[in-house]
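Enquirer: The structure follows.
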Amino acid sequence: MKLKTFSMGGVHPEENKLSSEVRTVPAALPSQAVFPLSQHIGAPAKPVVARGDKVKVGTMIAEAGGFVSAPIFSSVSGKVLKIDNAIDATGYLKPAIIIQVEGDEWEESIDRSEKLEKIEDHPELTPEMIVDKVKGAGITGMGGAGFPTFIKLCPPPTAKAECVIINGVECEPYITADYRLMMEHADEILVGTQLLMKAAKVDKGYIGIEDNKPEAIKLFQEKTAGMSNIEIVALEKKYPQGGEKQLVDAVIQRQVPAPPAIPVNVGAIVQNVGTAFAVYQAVMKNKPLFERYTTVTGKKIQKPGNFLVRMGTPMKDLIEACGGMPEGDNKVLAGGPMMGKALSSIDVPICKGTNSVTVISGEEAVRKQPQPCIRCAKCVSACPMGLEPYLLAQVSSLHLWERAENEDITSCIECGSCMFTCPAHRPLLDNIRLGKATVMGIIRARNAKK
């Protein structure tokens, strides 16, 4: 079997998939659940509940705050304690709804049966109905980006979708939540894929899986043996193959141009396996998005595991469920070691995009002393976007914003491949992130004046 991959750059960090064979278990309910109003790209959601209100599992507690936004649903039953500020994964205080948990009472409209609903049994579902259900359920990209899913299913008139690509790559080290989801809910993911294809009005679907997951590849090939319109694509092990543009390149050999171009500009709509599963649950089970698969892992964690977690659960509860925080200094990441964000507090809640809580020990986390650039160009070879990271980092550190924009800094996907491969241990990604955020702010301000 010939493996596919993307055509430019990439690295292969040590995988450390410590929890890949650990079956998913439901996480315990928290005593309090915290729901940040910004769990997605776009405008924050607006509260539709007030202090003292009673809510059930699946009750809408905040509505979409604009076109690019998504509603938020309670994952617990209980009473709204307050609407206040709480620390999220960014380390800043952000508006949030805090609920005191009482029991576990669900909205009666949610179908909690395990019966598999097949798409052929629901001819009444139109593309528009599917999109409305996805929008109403608050589904956003489950791979971490958090872009509202319904918007991807409604491309601009200048672009035409030709296929849906499901991202089952999970190339980031340590994380195994998507792998466990694929092994435990393959049928639901396939129905979700069919729903996404119908919503996008396309006849072709692909599911990309890296070959370090042979059991998942085999399972999905068996499940799709009679489906001519869904193809399982086995991919080489290479990071960051889970990036949208890299996955499109690997699966259908089309290159997505620089921003503002997106995958649908070359005919592809990319969705994560977790998103496909959430779409199945929303459309077929009337279940809004309020829980997700999350990995808790680290070399010194006693019992690395995978959990079905209610949104709003503090990360410290999950770490405790895995044997507690290891002794000594530790760095806790929301996400994996390549793209995850270091946390200032483990009271931060699980949100829609939290695919992993990764605990890195102090000795692993300590950065080596940066040395002068030796002009080896390893960062250039590793960059999957064809950029020059050493240059982008330098112009960013010198605050040469116009030069940074001209050098396509906004094309950076912040994958960290440049920093991973740098023999001089230079903080390339730190500087590039600063430069990219600044340049994007300048571009937005400039466009607002037009």
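By order in the structure tokens, chains are A, B, ...; within a chain, residues start at 1; ligands start at 1, following the order shown.
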If we count only C-alpha atoms and set the cut-off at 12 Å, which residues sit around A:Ser344, ignoring sequence neighbours fewer than 5 positions away in its own chain? Please answer as a VMD selection string.

Expert: chain A and resid 87 to 93 315 330 to 334

Enquirer: So which residues touch stretch 309-312 of chain A within 7 Å, counting only C-alpha atoms, skipping near sequence neighbours fewer than 5 positions away, as a short mmCIF file (atom, residue, chain, number, x, y, z; two decimals) with N, CA and C atoms, in the first residue's frame?

Expert:
```cif
data_model
loop_
_atom_site.label_atom_id
_atom_site.label_comp_id
_atom_site.auth_asym_id
_atom_site.auth_seq_id
_atom_site.Cartn_x
_atom_site.Cartn_y
_atom_site.Cartn_z
N PRO A 26 -16.01 7.64 30.83
CA PRO A 26 -16.62 8.94 31.14
C PRO A 26 -15.92 9.57 32.35
N ALA A 27 -15.62 10.85 32.24
CA ALA A 27 -15.03 11.57 33.38
C ALA A 27 -16.11 11.85 34.41
N ALA A 33 -19.11 23.74 37.09
CA ALA A 33 -18.70 23.75 35.68
C ALA A 33 -18.56 25.20 35.22
N VAL A 34 -17.48 25.48 34.52
CA VAL A 34 -17.19 26.84 34.05
C VAL A 34 -17.22 26.85 32.52
N PHE A 35 -18.04 27.73 31.94
CA PHE A 35 -18.22 27.78 30.49
C PHE A 35 -17.76 29.13 29.94
N SER A 75 -23.38 21.36 30.04
CA SER A 75 -23.06 19.93 30.05
C SER A 75 -23.50 19.28 31.36
N PHE A 290 -21.73 19.35 23.98
CA PHE A 290 -21.42 19.74 25.36
C PHE A 290 -20.42 18.78 26.01
N GLU A 291 -19.94 17.78 25.26
CA GLU A 291 -18.90 16.90 25.78
C GLU A 291 -17.98 16.47 24.65
N ARG A 292 -16.78 16.02 24.98
CA ARG A 292 -15.84 15.64 23.95
C ARG A 292 -14.84 14.60 24.47
N TYR A 293 -14.15 13.95 23.54
CA TYR A 293 -13.07 13.03 23.88
C TYR A 293 -11.81 13.84 24.14
N THR A 294 -11.14 13.57 25.25
CA THR A 294 -9.92 14.30 25.64
C THR A 294 -8.91 13.32 26.23
N PRO A 349 -11.03 25.24 32.47
CA PRO A 349 -11.98 24.19 32.12
C PRO A 349 -11.72 23.58 30.73
N ILE A 350 -12.19 22.36 30.56
CA ILE A 350 -12.21 21.72 29.24
C ILE A 350 -13.22 22.47 28.37
N CYS A 351 -12.80 22.82 27.17
CA CYS A 351 -13.68 23.54 26.23
C CYS A 351 -13.84 22.72 24.95
N LYS A 352 -14.54 23.28 23.98
CA LYS A 352 -14.83 22.55 22.75
C LYS A 352 -13.57 22.08 22.03
#
```

Enquirer: What parts of stretch 257-400 of chain A does DSSP call strand (DSSP E)? I'd like the answer as a VMD selection string.

Expert: chain A and resid 268 to 272 291 to 297 305 to 310 330 to 334 341 to 342 356 to 361

Enquirer: May I have all residues of stretch 79-292 of chain A that DSSP, computed from the backbone, assigns to alpha helix (DSSP H), given as number ranges by chain?

Expert: A: 127-136, 149-152, 177-184, 186-200, 214-223, 244-252, 273-285

Enquirer: Let me make sure I understand: among A:Gly143, A:Gly226, A:Pro214, A:Gly136, which one has the smallest atom-to-atom distance to A:Thr354 if we use only C-alpha atoms?

Expert: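 Of the candidates, the smallest distance to A:Thr354 is held by A:Gly143.
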
Enquirer: Pick the closest to A:Arg426 from A:Lys368, A:Lys341, A:Lys449, A:Lys4: which is it, counting only C-alpha atoms?

Expert: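 Looking only at the distances to A:Arg426, the closest residue turns out to be A:Lys368.
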
Enquirer: Could you jot down the atom CA of A:Asp329 to atom CA of A:Gln302 separation for me, Å, one decimal place?

Expert: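 Atom-to-atom, atom CA of A:Asp329 and atom CA of A:Gln302 are spaced 15.6 Å apart.
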
Enquirer: Give me the stretch 168-252 of chain A side of the contact with stretch 155-164 of chain A, cut-off 9 Å, one line per residue showing its nearest atom pair and distance in Å at one decimal, counting only C-alpha atoms, sorted by chain and residue number, as a Markdown table.

Expert:
```
| residue | atom | partner | partner_atom | distance |
| --- | --- | --- | --- | --- |
| A:Thr193 | CA | A:Val164 | CA | 7.8 |
| A:Leu196 | CA | A:Val164 | CA | 7.2 |
| A:Met197 | CA | A:Val164 | CA | 6.0 |
| A:Ala200 | CA | A:Ala161 | CA | 6.9 |
| A:Lys201 | CA | A:Ala161 | CA | 7.7 |
| A:Val202 | CA | A:Glu162 | CA | 5.5 |
| A:Asp203 | CA | A:Cys163 | CA | 6.7 |
| A:Lys204 | CA | A:Cys163 | CA | 4.9 |
| A:Gly205 | CA | A:Val164 | CA | 4.8 |
| A:Tyr206 | CA | A:Val164 | CA | 6.3 |
| A:Ile207 | CA | A:Val164 | CA | 8.5 |
```

Enquirer: Find the spatial neighbours of stretch 393-402 of chain A, counting only C-alpha atoms, within a cut-off of 9 Å - ignore same-chain residues fewer than 2 positions away - and output them as a PyMOL selection string.

Expert: chain A and resi 388-391+404-407+427-436+438-439+442

Enquirer: Please list as a VMD selection string every residue within 6 Å of A:Ile166, counting only C-alpha atoms and excluding residues in the same chain fewer than 3 positions away.

Expert: chain A and resid 207 270 to 273

Enquirer: Could you take the residues named above and write them with N, CA, C and O atoms, as an mmCIF file, in the first residue's frame?

Expert:
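Dumped to part.cif:
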```
data_model
loop_
_atom_site.group_PDB
_atom_site.id
_atom_site.type_symbol
_atom_site.label_atom_id
_atom_site.label_comp_id
_atom_site.auth_asym_id
_atom_site.auth_seq_id
_atom_site.Cartn_x
_atom_site.Cartn_y
_atom_site.Cartn_z
ATOM 1 N N ILE A 207 -11.214 9.895 4.166
ATOM 2 C CA ILE A 207 -10.816 9.896 5.575
ATOM 3 C C ILE A 207 -9.315 9.606 5.610
ATOM 4 O O ILE A 207 -8.879 8.522 5.215
ATOM 5 N N VAL A 270 -12.575 20.453 4.945
ATOM 6 C CA VAL A 270 -11.870 19.593 5.895
ATOM 7 C C VAL A 270 -12.550 19.651 7.258
ATOM 8 O O VAL A 270 -12.820 20.731 7.773
ATOM 9 N N GLN A 271 -12.835 18.486 7.824
ATOM 10 C CA GLN A 271 -13.433 18.393 9.155
ATOM 11 C C GLN A 271 -12.716 17.316 9.961
ATOM 12 O O GLN A 271 -12.307 16.292 9.409
ATOM 13 N N ASN A 272 -12.600 17.511 11.244
ATOM 14 C CA ASN A 272 -11.982 16.548 12.145
ATOM 15 C C ASN A 272 -12.920 15.360 12.407
ATOM 16 O O ASN A 272 -14.136 15.491 12.295
ATOM 17 N N VAL A 273 -12.355 14.203 12.782
ATOM 18 C CA VAL A 273 -13.209 13.050 13.098
ATOM 19 C C VAL A 273 -14.140 13.363 14.272
ATOM 20 O O VAL A 273 -15.284 12.903 14.302
#
```

Enquirer: Would you kindly return, as a list in words, each protein, DNA or RNA residue with an atom no farther than 7 Å from any atom of A:Tyr174, considering only C-alpha atoms and excluding same-chain residues fewer than 3 positions away?

Expert: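 Returned residues: Glu15, Asn16, Lys17, Leu18, Thr297 and Gly336 of chain A.
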
Enquirer: My list of candidates is A:His40, A:Lys285, A:Lys118, A:Arg254. Which is closest to A:Ile139 when distances are computed with only C-alpha atoms?

Expert: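 That would be A:His40, the residue with the smallest distance to A:Ile139.
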
Enquirer: Return the single residue from A:Pro423, A:Gly441, A:Gly416, A:Gly66 that is closest to A:Val11, with distances computed using only C-alpha atoms.

Expert: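 Looking only at the distances to A:Val11, the closest residue turns out to be A:Gly416.
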
Enquirer: From the options A:Ala250, A:Ala70, A:Tyr239, A:Gly335, which residue's atoms come nearest to A:Cys383, counting only C-alpha atoms?

Expert: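 Smallest separation from A:Cys383 among the options: A:Tyr239.
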